[in-house]
Amino acid sequence: LATARERFGRFDGVLVSVGGPPPGFVADTTDEQWQAAFESVFLGAVRLARAAAAELGEGGVVGFVLSGSVHEPIPGLTISNGLRPGLAGFAKSLADELGPRGIRVVGLLPGRVDTDRVRELDSLSADPEATRQAAESRIPLRRYGTPEEFGRTAAFFLSPAASYVTGVMLPVDGGSRHGF
């Protein structure tokens with residue numbers, strides 16, 4: 001936060017992205033993996049958001065990069081499935097608490113965006129290309145998103161152009177979410 005103020009002369013907001021915990025199924029995940037992920041993914045995000053909230057003034061924004069697992073578990077990502085909905089709940093509580101100060105809080109829920117992480121997850125299968133093709137066939141837009149598309153969405157939701165949007169979890173997933 002100090003570096004942002006030093007470099008840009010002010011601090012308007014933060015986009016908290018903590019990466020993904022290790023993939024695995026319930027039987028494969030250890031207590032140590034859960035504890036490490038809770039410390040980094042969950043508490044790391046909470047700590048940064050609290051620090052940012054203490055520094056922000058009216059018009060400020062805290063954004064979270066979460067996951068579609070906020071709404072629906074993703075097979076093979078048990079730890080993420082456990083932690084991301086909790087972070088969404090934290091974000092909503094934070095939005096309610098910071099709203100009276102004119103500070104917004106939003107969550108972005110990426111689906112299959114063509115990143116190193118998604119390619120790593122696809123590569124865990126016997127046929128990564130077939131895995132990607134199968135995933136793309138389930139996305140209404142029939143393709144993975146690009147990091148630039150996700151970035152433009154984040155830039156809009158964190159900008160003053162979205163000044164009346166707070167407390168929401170926005171899927172950025174090419175239409176993959178089936179619910180409203």
# chains A, B, ... in the order shown; residues from 1 in each chain; ligands from 1
>>> closest_atom_pairs(of="stretch 59-94 of chain A", to="stretch 159-164 of chain A", cutoff="12 Å", atoms="only C-alpha atoms", output="tab-separated table")
residue	atom	partner	partner_atom	distance
A:Gly59	CA	A:Pro160	CA	7.4
A:Gly60	CA	A:Pro160	CA	8.9
A:Val61	CA	A:Ser159	CA	8.2
A:Val62	CA	A:Ser159	CA	10.8
A:Gly63	CA	A:Ser159	CA	10.6
>>> write_last_selection(atoms="C-alpha atoms", output="PDB file, in the first residue's frame")
ATOM      1  CA  GLY A  59     -14.672   6.126  -3.788  1.00  0.00           C
ATOM      2  CA  GLY A  60     -12.179   3.396  -2.938  1.00  0.00           C
ATOM      3  CA  VAL A  61     -12.674  -0.200  -3.987  1.00  0.00           C
ATOM      4  CA  VAL A  62     -11.554  -3.645  -2.874  1.00  0.00           C
ATOM      5  CA  GLY A  63     -11.832  -6.368  -5.499  1.00  0.00           C
TER       6      GLY A  63
END
>>> residues_around(residues="A:Asp122", least_positions_apart="5", cutoff="7 Å", atoms="only C-alpha atoms", output="count of residues only")
3
>>> select_by_dssp(residues="stretch 38-82 of chain A", states="alpha helix (DSSP H)", output="list of chain:residue names")
A:Gly44, A:Ala45, A:Val46, A:Arg47, A:Leu48, A:Ala49, A:Arg50, A:Ala51, A:Ala52, A:Ala53, A:Ala54, A:Glu55, A:Thr78, A:Ile79, A:Ser80, A:Asn81, A:Gly82
>>> select_by_dssp(residues="stretch 50-126 of chain A", states="strand (DSSP E)", output="list in words")
Val61, Val62, Gly63, Phe64, Val65, Arg104, Val105, Val106, Gly107, Leu108, Leu109 and Pro110 of chain A
>>> write_last_selection(atoms="N, CA, C and O atoms", output="tab-separated table (two decimals), in the first residue's frame")
chain	number	residue	atom	x	y	z
A	61	VAL	N	-12.10	1.10	-3.65
A	61	VAL	CA	-12.67	-0.20	-3.99
A	61	VAL	C	-11.70	-1.32	-3.62
A	61	VAL	O	-10.49	-1.18	-3.76
A	62	VAL	N	-12.29	-2.41	-3.13
A	62	VAL	CA	-11.55	-3.64	-2.87
A	62	VAL	C	-12.17	-4.70	-3.77
A	62	VAL	O	-13.38	-4.96	-3.69
A	63	GLY	N	-11.36	-5.30	-4.63
A	63	GLY	CA	-11.83	-6.37	-5.50
A	63	GLY	C	-11.14	-7.67	-5.14
A	63	GLY	O	-9.98	-7.66	-4.71
A	64	PHE	N	-11.84	-8.76	-5.33
A	64	PHE	CA	-11.29	-10.09	-5.08
A	64	PHE	C	-11.40	-10.91	-6.36
A	64	PHE	O	-12.45	-10.93	-6.99
A	65	VAL	N	-10.32	-11.60	-6.71
A	65	VAL	CA	-10.38	-12.61	-7.76
A	65	VAL	C	-10.64	-13.92	-7.03
A	65	VAL	O	-9.80	-14.40	-6.28
A	104	ARG	N	-16.43	0.51	-2.09
A	104	ARG	CA	-17.08	-0.63	-2.72
A	104	ARG	C	-16.23	-1.88	-2.59
A	104	ARG	O	-15.01	-1.80	-2.51
A	105	VAL	N	-16.90	-3.04	-2.63
A	105	VAL	CA	-16.23	-4.34	-2.62
A	105	VAL	C	-16.90	-5.21	-3.66
A	105	VAL	O	-18.13	-5.32	-3.68
A	106	VAL	N	-16.09	-5.80	-4.55
A	106	VAL	CA	-16.63	-6.67	-5.60
A	106	VAL	C	-15.81	-7.95	-5.67
A	106	VAL	O	-14.64	-7.97	-5.29
A	107	GLY	N	-16.45	-8.99	-6.15
A	107	GLY	CA	-15.77	-10.25	-6.39
A	107	GLY	C	-15.89	-10.63	-7.85
A	107	GLY	O	-16.95	-10.49	-8.46
A	108	LEU	N	-14.80	-11.07	-8.44
A	108	LEU	CA	-14.79	-11.53	-9.82
A	108	LEU	C	-14.54	-13.03	-9.81
A	108	LEU	O	-13.63	-13.52	-9.13
A	109	LEU	N	-15.37	-13.76	-10.54
A	109	LEU	CA	-15.34	-15.21	-10.52
A	109	LEU	C	-14.92	-15.75	-11.89
A	109	LEU	O	-15.76	-16.05	-12.72
A	110	PRO	N	-13.62	-15.86	-12.12
A	110	PRO	CA	-13.19	-16.35	-13.43
A	110	PRO	C	-13.56	-17.81	-13.62
A	110	PRO	O	-13.53	-18.61	-12.69
>>> residues_around(residues="stretch 66-73 of chain A", least_positions_apart="2", cutoff="10 Å", atoms="only C-alpha atoms", output="ChimeraX atom specification")
/A:16-20,41,63-64,75-89,107-112,169-173,176-179
>>> write_last_selection(atoms="N, CA, C and O atoms", output="short mmCIF file (atom, residue, chain, number, x, y, z; two decimals), in the first residue's frame")
data_model
loop_
_atom_site.label_atom_id
_atom_site.label_comp_id
_atom_site.auth_asym_id
_atom_site.auth_seq_id
_atom_site.Cartn_x
_atom_site.Cartn_y
_atom_site.Cartn_z
N VAL A 16 -7.34 -8.11 -5.13
CA VAL A 16 -6.68 -9.18 -4.37
C VAL A 16 -6.81 -10.48 -5.14
O VAL A 16 -7.91 -10.99 -5.34
N SER A 17 -5.66 -11.01 -5.56
CA SER A 17 -5.62 -12.29 -6.26
C SER A 17 -4.54 -13.13 -5.62
O SER A 17 -3.37 -12.77 -5.65
N VAL A 18 -4.94 -14.24 -5.03
CA VAL A 18 -3.99 -15.02 -4.23
C VAL A 18 -3.57 -16.33 -4.88
O VAL A 18 -2.85 -17.12 -4.28
N GLY A 19 -3.99 -16.58 -6.11
CA GLY A 19 -3.61 -17.83 -6.75
C GLY A 19 -4.46 -18.98 -6.25
O GLY A 19 -5.39 -18.81 -5.47
N GLY A 20 -4.12 -20.16 -6.73
CA GLY A 20 -4.93 -21.33 -6.40
C GLY A 20 -4.18 -22.32 -5.53
O GLY A 20 -2.99 -22.55 -5.73
N VAL A 41 -4.26 -18.47 0.94
CA VAL A 41 -5.40 -18.10 0.10
C VAL A 41 -6.45 -17.34 0.89
O VAL A 41 -6.91 -16.28 0.46
N GLY A 63 -11.36 -5.30 -4.63
CA GLY A 63 -11.83 -6.37 -5.50
C GLY A 63 -11.14 -7.67 -5.14
O GLY A 63 -9.98 -7.66 -4.71
N PHE A 64 -11.84 -8.76 -5.33
CA PHE A 64 -11.29 -10.09 -5.08
C PHE A 64 -11.40 -10.91 -6.36
O PHE A 64 -12.45 -10.93 -6.99
N PRO A 75 -14.75 -30.15 -9.73
CA PRO A 75 -14.11 -31.44 -9.43
C PRO A 75 -12.59 -31.34 -9.43
O PRO A 75 -12.00 -30.69 -10.29
N GLY A 76 -11.98 -31.95 -8.43
CA GLY A 76 -10.53 -31.97 -8.33
C GLY A 76 -9.90 -30.76 -7.68
O GLY A 76 -8.69 -30.67 -7.57
N LEU A 77 -10.73 -29.80 -7.25
CA LEU A 77 -10.21 -28.61 -6.58
C LEU A 77 -10.83 -28.46 -5.19
O LEU A 77 -11.36 -27.42 -4.82
N THR A 78 -10.73 -29.52 -4.41
CA THR A 78 -11.41 -29.59 -3.12
C THR A 78 -11.06 -28.43 -2.20
O THR A 78 -11.95 -27.83 -1.59
N ILE A 79 -9.79 -28.10 -2.08
CA ILE A 79 -9.40 -27.03 -1.16
C ILE A 79 -9.97 -25.69 -1.63
O ILE A 79 -10.54 -24.94 -0.85
N SER A 80 -9.83 -25.41 -2.91
CA SER A 80 -10.40 -24.17 -3.45
C SER A 80 -11.91 -24.14 -3.23
O SER A 80 -12.46 -23.10 -2.85
N ASN A 81 -12.57 -25.26 -3.45
CA ASN A 81 -14.02 -25.34 -3.25
C ASN A 81 -14.40 -25.02 -1.81
O ASN A 81 -15.48 -24.48 -1.55
N GLY A 82 -13.53 -25.34 -0.88
CA GLY A 82 -13.80 -25.06 0.52
C GLY A 82 -13.53 -23.61 0.90
O GLY A 82 -14.24 -23.04 1.72
N LEU A 83 -12.51 -23.00 0.30
CA LEU A 83 -12.08 -21.67 0.73
C LEU A 83 -12.76 -20.52 -0.02
O LEU A 83 -13.04 -19.48 0.57
N ARG A 84 -13.00 -20.67 -1.31
CA ARG A 84 -13.52 -19.55 -2.10
C ARG A 84 -14.90 -19.08 -1.66
O ARG A 84 -15.14 -17.87 -1.60
N PRO A 85 -15.85 -19.98 -1.36
CA PRO A 85 -17.14 -19.48 -0.88
C PRO A 85 -17.01 -18.68 0.42
O PRO A 85 -17.73 -17.69 0.62
N GLY A 86 -16.08 -19.08 1.29
CA GLY A 86 -15.85 -18.32 2.51
C GLY A 86 -15.32 -16.92 2.22
O GLY A 86 -15.72 -15.95 2.87
N LEU A 87 -14.44 -16.81 1.24
CA LEU A 87 -13.94 -15.49 0.86
C LEU A 87 -15.04 -14.64 0.25
O LEU A 87 -15.08 -13.42 0.46
N ALA A 88 -15.94 -15.26 -0.50
CA ALA A 88 -17.09 -14.51 -1.04
C ALA A 88 -17.95 -13.98 0.10
O ALA A 88 -18.42 -12.84 0.06
N GLY A 89 -18.16 -14.80 1.12
CA GLY A 89 -18.92 -14.34 2.29
C GLY A 89 -18.21 -13.20 3.01
O GLY A 89 -18.84 -12.23 3.44
N GLY A 107 -16.45 -8.99 -6.15
CA GLY A 107 -15.77 -10.25 -6.39
C GLY A 107 -15.89 -10.63 -7.85
O GLY A 107 -16.95 -10.49 -8.46
N LEU A 108 -14.80 -11.07 -8.44
CA LEU A 108 -14.79 -11.53 -9.82
C LEU A 108 -14.54 -13.03 -9.81
O LEU A 108 -13.63 -13.52 -9.13
N LEU A 109 -15.37 -13.76 -10.54
CA LEU A 109 -15.34 -15.21 -10.52
C LEU A 109 -14.92 -15.75 -11.89
O LEU A 109 -15.76 -16.05 -12.72
N PRO A 110 -13.62 -15.86 -12.12
CA PRO A 110 -13.19 -16.35 -13.43
C PRO A 110 -13.56 -17.81 -13.62
O PRO A 110 -13.53 -18.61 -12.69
N GLY A 111 -13.92 -18.11 -14.85
CA GLY A 111 -14.11 -19.49 -15.25
C GLY A 111 -12.83 -19.97 -15.92
O GLY A 111 -11.73 -19.72 -15.42
N ARG A 112 -12.94 -20.59 -17.06
CA ARG A 112 -11.78 -21.09 -17.78
C ARG A 112 -11.14 -19.95 -18.57
O ARG A 112 -11.56 -19.63 -19.67
N MET A 169 -20.83 -10.75 -6.77
CA MET A 169 -19.88 -11.74 -7.25
C MET A 169 -20.19 -11.92 -8.74
O MET A 169 -21.23 -12.48 -9.10
N LEU A 170 -19.32 -11.42 -9.60
CA LEU A 170 -19.57 -11.41 -11.03
C LEU A 170 -18.84 -12.57 -11.72
O LEU A 170 -17.61 -12.59 -11.75
N PRO A 171 -19.58 -13.51 -12.32
CA PRO A 171 -18.92 -14.54 -13.11
C PRO A 171 -18.31 -13.92 -14.38
O PRO A 171 -18.95 -13.14 -15.06
N VAL A 172 -17.07 -14.28 -14.64
CA VAL A 172 -16.38 -13.89 -15.87
C VAL A 172 -15.97 -15.21 -16.51
O VAL A 172 -14.85 -15.67 -16.39
N ASP A 173 -16.97 -15.85 -17.13
CA ASP A 173 -16.80 -17.28 -17.46
C ASP A 173 -17.37 -17.69 -18.81
O ASP A 173 -17.60 -18.87 -19.06
N SER A 176 -20.65 -19.83 -18.47
CA SER A 176 -20.64 -21.18 -17.90
C SER A 176 -21.60 -21.37 -16.70
O SER A 176 -22.14 -22.45 -16.50
N ARG A 177 -21.76 -20.31 -15.92
CA ARG A 177 -22.64 -20.43 -14.75
C ARG A 177 -24.07 -20.63 -15.25
O ARG A 177 -24.58 -19.84 -16.05
N HIS A 178 -24.72 -21.64 -14.73
CA HIS A 178 -26.06 -21.97 -15.20
C HIS A 178 -27.15 -21.24 -14.44
O HIS A 178 -28.25 -21.08 -14.94
N GLY A 179 -26.85 -20.78 -13.22
CA GLY A 179 -27.85 -20.07 -12.44
C GLY A 179 -27.88 -18.59 -12.81
O GLY A 179 -27.13 -18.12 -13.65
#
>>> residues_around(residues="A:Thr115", least_positions_apart="6", cutoff="10 Å", atoms="only C-alpha atoms", output="ChimeraX atom specification")
/A:121,144-147
>>> closest_residue(among="A:Arg143, A:Pro100, A:Phe90, A:Ser125", to="A:Leu43", atoms="only C-alpha atoms")
A:Phe90
>>> atom_distance(atom1="atom CA of A:Gly167", atom2="atom CA of A:Lys92")
5.0 Å
